[in-house]
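**Q** I have a structure I would like to understand better, so I am pasting it below and will then ask my questions one at a time.
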Amino acid sequence: MKTLVLIGAGARGMTYARLIKKSGRAKIVAVAELRADRRESAMKELGLTEDAMYNHADDLLAAGKLADVAIIATQDRDHYDEAIKALNLSYDLLLEKPISPSAEECLHISRLAQEKGCRVVVCHVLRYAPFFVELKKIIDGGELGRVIDIQHNENIGNFHMAHSYVRGNWRKSAEASPILLAKSCHDLDILVWLTGSRCESVASFGELTYFKEENAPAGSAARCLDCPVADTCRFDARKCYLDTLGDWPTTVLTLDQTKEGVTEAIKEGPYGRCVYRCDNDVCDHQVSILRFENGVTVTFNLSAFTNRIARTMKIMCEHGEIRASETAGCIEVIPFISTRNGAVNGRTVYPDRSGKGHGGGDEGIIRALLDMLEHEDKEMSSTIAASVESHLIAEAAERSRTEHRMVDLKEIRGEWDEK
């Protein structure tokens, strides 16, 4: 049976650990986690002993190679140091996205993995979700001809924006990543995968417009529990979190998922802050225009100003169009007709929706990882070599946004080649 160590026992890390335990095909043998409450919870849930628990990733990695694979599920800017140390111990890696906020660090990890003969799988889980697997199958089947143009919307959801990117861990670019990388390297990766091409050039526009103090309601306070206008505010933390006890996003606040425990976390922690008075600086909306090397053009719109969290796509091909909606759970395949009055001989596909995390993508990537570990000839699609492209696009988009210019990807690839 293959063995794994877990570095980072937060929500993402424990999602993977639970799926591995449930599979019965591999086991977690050690965990590194900064927070004592998470260490204790992980130890009990995974059936480990005290000597298998480490206070810090450095402590675990200093103990030598303890397993076949290291899962790295820590904060964005911790990935690089942990990945390099793990690769130097000859671990294969399951690496949470983004690989790193730094293009140079992404390159170094990729090159070291190749040098050491280690496999690095990036958690671009959408490649393993039935919805996007079916979409890829339809495109590659060629029934509508070549892809010409794509419209892709990343509907973040107003409450998700407030939770993760205003109050939460990904609110500041300098501490985590720009939002296009932190939230949407998933989407950029899917675009690379669906088009089957590298990106050629990017233009991007975006800013933080709404979640700042000038938009705070009159008479509001710095924290929800002290706020005299909380009853009329949709971002009142009690509304946001007490309705989802035991589930995301409330599980991020505290391990104590009682009403009393969550209320205490709201009172003392970052998730009880007024969303208009946080220290966030990432964009709450951003639009990017991409041209791929095979000629496909894409408009990608990321926005907090949606009611639900879902992706919608319109893929325009030579002989028809594809309309895909995660919310509806369906993919419409619509061949072109000769006249506006003609009958459309289209079809609607309903991919499997039984999976939970990322539409079944979490289960899919763990299943594929275990298959790869058990069979040397098995390969995964989200290798680091494939996944780096999405990070290059995000780097180009951020340069375009902040420097007010179109960015040719040759610029960034050239910088990489020189290092």
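Within each chain, counting starts at residue 1; across the structure tokens, chains are named A, B, ... in the order shown, with ligands numbered 1 upward in that order.
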Excluding same-chain residues fewer than 5 positions from stretch 188-202 of chain A, what lies within 9 Å of it counting only C-alpha atoms, as number ranges by chain?
**A** A: 124, 126-127, 132, 135-136, 139-140, 147, 150, 152, 180-181, 288-296, 298, 300, 381-382, 386-394, 396-397, 400, 405-410
**Q** With C-alpha atoms retained, export the selected residues as a PDB file, in the first residue's frame.
**A**
```pdb
ATOM      1  CA  HIS A 124      -6.132  21.569 -10.981  1.00  0.00           C
ATOM      2  CA  LEU A 126     -11.453  20.702 -12.689  1.00  0.00           C
ATOM      3  CA  ARG A 127      -9.636  18.518 -15.217  1.00  0.00           C
ATOM      4  CA  PHE A 132     -15.325  19.438 -17.765  1.00  0.00           C
ATOM      5  CA  LEU A 135     -16.882  19.188 -22.294  1.00  0.00           C
ATOM      6  CA  LYS A 136     -13.367  18.185 -23.358  1.00  0.00           C
ATOM      7  CA  ILE A 139     -14.667  19.367 -28.275  1.00  0.00           C
ATOM      8  CA  ASP A 140     -12.102  16.686 -29.067  1.00  0.00           C
ATOM      9  CA  VAL A 147     -12.940  25.941 -31.666  1.00  0.00           C
ATOM     10  CA  ILE A 150     -14.685  31.128 -26.111  1.00  0.00           C
ATOM     11  CA  HIS A 152     -15.848  32.060 -20.054  1.00  0.00           C
ATOM     12  CA  LEU A 180      -6.666  35.744 -11.006  1.00  0.00           C
ATOM     13  CA  LEU A 181      -4.004  33.277  -9.879  1.00  0.00           C
ATOM     14  CA  SER A 288      -9.040  39.366 -19.628  1.00  0.00           C
ATOM     15  CA  ILE A 289      -8.730  38.901 -23.377  1.00  0.00           C
ATOM     16  CA  LEU A 290      -6.536  36.004 -24.474  1.00  0.00           C
ATOM     17  CA  ARG A 291      -5.221  34.900 -27.840  1.00  0.00           C
ATOM     18  CA  PHE A 292      -3.862  31.370 -28.066  1.00  0.00           C
ATOM     19  CA  GLU A 293      -1.110  30.204 -30.393  1.00  0.00           C
ATOM     20  CA  ASN A 294      -3.579  28.134 -32.443  1.00  0.00           C
ATOM     21  CA  GLY A 295      -5.678  31.250 -33.111  1.00  0.00           C
ATOM     22  CA  VAL A 296      -8.456  30.656 -30.552  1.00  0.00           C
ATOM     23  CA  VAL A 298     -11.037  33.992 -25.341  1.00  0.00           C
ATOM     24  CA  PHE A 300     -12.523  35.592 -19.497  1.00  0.00           C
ATOM     25  CA  SER A 381      -3.152  15.432 -17.071  1.00  0.00           C
ATOM     26  CA  SER A 382      -2.377  18.060 -14.408  1.00  0.00           C
ATOM     27  CA  ALA A 386       1.124  21.236 -18.107  1.00  0.00           C
ATOM     28  CA  SER A 387       0.009  23.346 -15.150  1.00  0.00           C
ATOM     29  CA  VAL A 388       2.731  25.983 -15.389  1.00  0.00           C
ATOM     30  CA  GLU A 389       1.070  27.490 -18.479  1.00  0.00           C
ATOM     31  CA  SER A 390      -1.903  28.776 -16.469  1.00  0.00           C
ATOM     32  CA  HIS A 391       0.508  30.504 -14.091  1.00  0.00           C
ATOM     33  CA  LEU A 392       2.275  32.178 -17.011  1.00  0.00           C
ATOM     34  CA  ILE A 393      -1.052  33.504 -18.264  1.00  0.00           C
ATOM     35  CA  ALA A 394      -1.903  34.831 -14.800  1.00  0.00           C
ATOM     36  CA  ALA A 396       0.912  38.135 -18.024  1.00  0.00           C
ATOM     37  CA  ALA A 397      -2.601  39.263 -17.032  1.00  0.00           C
ATOM     38  CA  SER A 400      -1.195  43.868 -18.275  1.00  0.00           C
ATOM     39  CA  ARG A 405      -0.519  47.267 -21.765  1.00  0.00           C
ATOM     40  CA  MET A 406      -0.944  44.088 -23.756  1.00  0.00           C
ATOM     41  CA  VAL A 407       1.589  41.426 -22.778  1.00  0.00           C
ATOM     42  CA  ASP A 408       3.097  38.942 -25.230  1.00  0.00           C
ATOM     43  CA  LEU A 409       3.819  35.618 -23.518  1.00  0.00           C
ATOM     44  CA  LYS A 410       7.161  35.497 -25.345  1.00  0.00           C
TER      45      LYS A 410
END
```
**Q** Can you tell me, as a VMD selection string, what residues are no more than 12 Å from stretch 339-347 of chain A when counting only C-alpha atoms, ignoring any on the same chain fewer than 5 positions away?
**A** chain A and resid 138 143 to 144 319 to 323 330 to 334
**Q** A:Asp256: which residues within 10 Å, counting only C-alpha atoms, same-chain residues fewer than 4 positions away excluded, as a list in words?
**A**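 With the cut-off at 10 Å, the set is Asp37, Leu245, Gly246, Thr250, Thr251, Glu260, Gly261, Val262, Thr263, Glu264 and Ala265 of chain A.
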**Q** Using N, CA and C atoms, can you write the selected residues to a file as a short mmCIF file (atom, residue, chain, number, x, y, z; two decimals), in the first residue's frame?
**A**
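After the write, result-v9.cif holds the following:
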```cif
data_model
loop_
_atom_site.label_atom_id
_atom_site.label_comp_id
_atom_site.auth_asym_id
_atom_site.auth_seq_id
_atom_site.Cartn_x
_atom_site.Cartn_y
_atom_site.Cartn_z
N ASP A 37 -5.05 22.86 17.15
CA ASP A 37 -6.39 22.28 17.08
C ASP A 37 -6.55 21.43 15.82
N LEU A 245 -23.63 25.66 9.52
CA LEU A 245 -22.85 24.96 10.53
C LEU A 245 -22.48 23.56 10.03
N GLY A 246 -21.20 23.20 10.21
CA GLY A 246 -20.75 21.88 9.79
C GLY A 246 -20.42 21.77 8.32
N THR A 250 -18.43 27.79 6.79
CA THR A 250 -18.36 27.95 8.25
C THR A 250 -17.27 27.09 8.87
N THR A 251 -16.97 25.94 8.26
CA THR A 251 -15.93 25.07 8.80
C THR A 251 -14.55 25.71 8.78
N GLU A 260 -22.54 28.31 19.39
CA GLU A 260 -21.74 29.07 20.34
C GLU A 260 -20.29 29.18 19.86
N GLY A 261 -19.75 28.07 19.33
CA GLY A 261 -18.37 28.08 18.86
C GLY A 261 -18.16 29.01 17.68
N VAL A 262 -19.09 29.00 16.73
CA VAL A 262 -18.97 29.86 15.56
C VAL A 262 -19.19 31.32 15.95
N THR A 263 -20.11 31.58 16.85
CA THR A 263 -20.33 32.95 17.30
C THR A 263 -19.08 33.51 17.97
N GLU A 264 -18.40 32.68 18.74
CA GLU A 264 -17.15 33.12 19.37
C GLU A 264 -16.09 33.41 18.31
N ALA A 265 -16.03 32.59 17.27
CA ALA A 265 -15.07 32.83 16.18
C ALA A 265 -15.39 34.12 15.44
#
```
**Q** Just to confirm, what's the straight-line distance from atom CA of A:Asn301 to atom CA of A:Ile99 in Å (one decimal)?
**A**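 Between atom CA of A:Asn301 and atom CA of A:Ile99 the gap is 22.3 Å.
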**Q** Could you give me the residues within stretch 197-340 of chain A that DSSP places in strand (DSSP E), as number ranges by chain?
**A** A: 199-207, 285-292, 297-303, 310-317, 320-325, 330-335
**Q** Would you mind listing what lies within 9 Å of A:Leu61 as a list in words, with only C-alpha atoms counted and same-chain residues fewer than 2 positions away left out?
**A**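 After dropping sequence-adjacent residues, the list is His56, Ala57, Asp58, Asp59, Ala63, Gly64, Lys65, Leu66, Glu82, Lys85, Ala86 and Leu89 of chain A.
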**Q** Could I get the residues of stretch 247-342 of chain A with an atom no further than 7 Å from an atom of stretch 213-235 of chain A, each paired with its nearest atom pair and that distance in Å to one decimal, using only C-alpha atoms, sorted by chain and residue number, as a Markdown table?
**A**
```
| residue | atom | partner | partner_atom | distance |
| --- | --- | --- | --- | --- |
| A:Lys267 | CA | A:Leu225 | CA | 6.5 |
| A:Gly272 | CA | A:Cys224 | CA | 5.7 |
| A:Arg273 | CA | A:Arg223 | CA | 4.5 |
| A:Cys274 | CA | A:Arg223 | CA | 5.1 |
| A:Tyr276 | CA | A:Glu213 | CA | 4.6 |
| A:Arg277 | CA | A:Glu213 | CA | 5.3 |
```
**Q** Grab the residues selected above and save them as a PDB file, in the first residue's frame with N, CA and C atoms.
**A**
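This is the output file selection39.pdb:
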```
ATOM      1  N   LYS A 267     -16.807  36.669  16.806  1.00  0.00           N
ATOM      2  CA  LYS A 267     -16.485  37.747  17.751  1.00  0.00           C
ATOM      3  C   LYS A 267     -14.990  38.057  17.758  1.00  0.00           C
ATOM      4  N   GLY A 272     -15.331  37.947  11.353  1.00  0.00           N
ATOM      5  CA  GLY A 272     -16.356  38.804  11.931  1.00  0.00           C
ATOM      6  C   GLY A 272     -16.130  40.265  11.615  1.00  0.00           C
ATOM      7  N   ARG A 273     -15.152  40.539  10.759  1.00  0.00           N
ATOM      8  CA  ARG A 273     -14.852  41.936  10.414  1.00  0.00           C
ATOM      9  C   ARG A 273     -15.823  42.477   9.371  1.00  0.00           C
ATOM     10  N   CYS A 274     -16.032  43.769   9.401  1.00  0.00           N
ATOM     11  CA  CYS A 274     -16.833  44.444   8.376  1.00  0.00           C
ATOM     12  C   CYS A 274     -16.126  44.311   7.033  1.00  0.00           C
ATOM     13  N   TYR A 276     -16.283  46.055   4.550  1.00  0.00           N
ATOM     14  CA  TYR A 276     -15.901  47.351   3.976  1.00  0.00           C
ATOM     15  C   TYR A 276     -14.694  47.946   4.695  1.00  0.00           C
ATOM     16  N   ARG A 277     -14.232  47.273   5.746  1.00  0.00           N
ATOM     17  CA  ARG A 277     -13.133  47.829   6.550  1.00  0.00           C
ATOM     18  C   ARG A 277     -12.030  46.792   6.796  1.00  0.00           C
TER      19      ARG A 277
END
```
**Q** Neighbouring residues of stretch 3-19 of chain A were defined as those with any atom within 9 Å, considering only C-alpha atoms; residues of the same chain fewer than 2 positions away were excluded. Please report them as a PyMOL selection string.
**A** chain A and resi 1+21-24+26-35+38-39+41-42+45-46+56-57+60+66-75+82+96+248+251-252+357+362-363+366-367
**Q** Looking at A:Pro101, A:Pro130, A:Gly168, A:Gly414, which one is nearest to A:Val275, with distances taken over only C-alpha atoms?
**A**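 Of the candidates, the smallest distance to A:Val275 is held by A:Gly168.
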**Q** Ranking A:Lys2, A:Arg167, A:His186, A:His79 by minimum distance to A:Lys212 and counting only C-alpha atoms, which one comes first?
**A**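 Closest residue, counting only C-alpha atoms: A:Arg167.
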**Q** Take atom CA of A:Val166 and atom CA of A:Leu107 and report the distance between them in Å, one decimal.
**A**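 These two atoms are separated by 29.6 Å.
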**Q** So which one's closest to A:Ala176, A:Pro98, A:Gly47, A:Gly355, A:Gly206? Using only C-alpha atoms, please.
**A** A:Pro98
**Q** Just the residues within 7 Å of stretch 113-122 of chain A, please, counting only C-alpha atoms, with nothing from its chain fewer than 2 positions along; format it as number ranges by chain.
**A** A: 87, 90-97, 109-111, 124, 382-384, 387
**Q** Only N, CA and C atoms, please: the residues just picked out, written as a PDB file, in the first residue's frame.
**A**
```
ATOM      1  N   LEU A  87      11.111  17.626  -2.799  1.00  0.00           N
ATOM      2  CA  LEU A  87      11.708  17.061  -4.013  1.00  0.00           C
ATOM      3  C   LEU A  87      13.151  16.623  -3.762  1.00  0.00           C
ATOM      4  N   SER A  90      13.254  13.330  -2.716  1.00  0.00           N
ATOM      5  CA  SER A  90      12.728  12.412  -3.742  1.00  0.00           C
ATOM      6  C   SER A  90      11.275  12.020  -3.513  1.00  0.00           C
ATOM      7  N   TYR A  91      10.503  12.894  -2.870  1.00  0.00           N
ATOM      8  CA  TYR A  91       9.052  12.689  -2.792  1.00  0.00           C
ATOM      9  C   TYR A  91       8.413  12.987  -4.149  1.00  0.00           C
ATOM     10  N   ASP A  92       7.414  12.200  -4.544  1.00  0.00           N
ATOM     11  CA  ASP A  92       6.442  12.662  -5.521  1.00  0.00           C
ATOM     12  C   ASP A  92       5.517  13.628  -4.786  1.00  0.00           C
ATOM     13  N   LEU A  93       4.889  14.563  -5.521  1.00  0.00           N
ATOM     14  CA  LEU A  93       4.091  15.595  -4.861  1.00  0.00           C
ATOM     15  C   LEU A  93       2.679  15.672  -5.423  1.00  0.00           C
ATOM     16  N   LEU A  94       1.721  15.871  -4.520  1.00  0.00           N
ATOM     17  CA  LEU A  94       0.409  16.390  -4.877  1.00  0.00           C
ATOM     18  C   LEU A  94       0.406  17.808  -4.340  1.00  0.00           C
ATOM     19  N   LEU A  95       0.454  18.782  -5.236  1.00  0.00           N
ATOM     20  CA  LEU A  95       0.720  20.174  -4.864  1.00  0.00           C
ATOM     21  C   LEU A  95      -0.517  21.026  -5.101  1.00  0.00           C
ATOM     22  N   GLU A  96      -1.022  21.636  -4.044  1.00  0.00           N
ATOM     23  CA  GLU A  96      -2.192  22.496  -4.171  1.00  0.00           C
ATOM     24  C   GLU A  96      -1.870  23.683  -5.073  1.00  0.00           C
ATOM     25  N   LYS A  97      -2.874  24.097  -5.832  1.00  0.00           N
ATOM     26  CA  LYS A  97      -2.685  25.270  -6.676  1.00  0.00           C
ATOM     27  C   LYS A  97      -2.867  26.531  -5.830  1.00  0.00           C
ATOM     28  N   ILE A 109      10.660  24.647  -9.427  1.00  0.00           N
ATOM     29  CA  ILE A 109      10.026  23.401  -8.986  1.00  0.00           C
ATOM     30  C   ILE A 109       9.926  22.417 -10.150  1.00  0.00           C
ATOM     31  N   SER A 110       9.498  22.910 -11.309  1.00  0.00           N
ATOM     32  CA  SER A 110       9.345  22.055 -12.484  1.00  0.00           C
ATOM     33  C   SER A 110      10.681  21.453 -12.901  1.00  0.00           C
ATOM     34  N   ARG A 111      11.712  22.270 -12.930  1.00  0.00           N
ATOM     35  CA  ARG A 111      13.034  21.786 -13.349  1.00  0.00           C
ATOM     36  C   ARG A 111      13.626  20.811 -12.343  1.00  0.00           C
ATOM     37  N   HIS A 124      -5.176  20.968 -10.059  1.00  0.00           N
ATOM     38  CA  HIS A 124      -6.132  21.569 -10.981  1.00  0.00           C
ATOM     39  C   HIS A 124      -7.268  20.569 -11.145  1.00  0.00           C
ATOM     40  N   SER A 382      -2.764  16.812 -15.072  1.00  0.00           N
ATOM     41  CA  SER A 382      -2.377  18.060 -14.408  1.00  0.00           C
ATOM     42  C   SER A 382      -0.953  17.981 -13.846  1.00  0.00           C
ATOM     43  N   THR A 383      -0.028  17.521 -14.687  1.00  0.00           N
ATOM     44  CA  THR A 383       1.376  17.528 -14.294  1.00  0.00           C
ATOM     45  C   THR A 383       1.844  18.969 -14.139  1.00  0.00           C
ATOM     46  N   ILE A 384       2.969  19.139 -13.468  1.00  0.00           N
ATOM     47  CA  ILE A 384       3.473  20.503 -13.316  1.00  0.00           C
ATOM     48  C   ILE A 384       3.843  21.102 -14.664  1.00  0.00           C
ATOM     49  N   SER A 387       0.671  22.365 -16.018  1.00  0.00           N
ATOM     50  CA  SER A 387       0.009  23.346 -15.150  1.00  0.00           C
ATOM     51  C   SER A 387       0.706  24.700 -15.120  1.00  0.00           C
TER      52      SER A 387
END
```
**Q** From the options A:Gln151, A:Glu268, A:Asp81, A:Met53, which residue's atoms come nearest to A:Lys314, counting only C-alpha atoms?
**A** A:Gln151
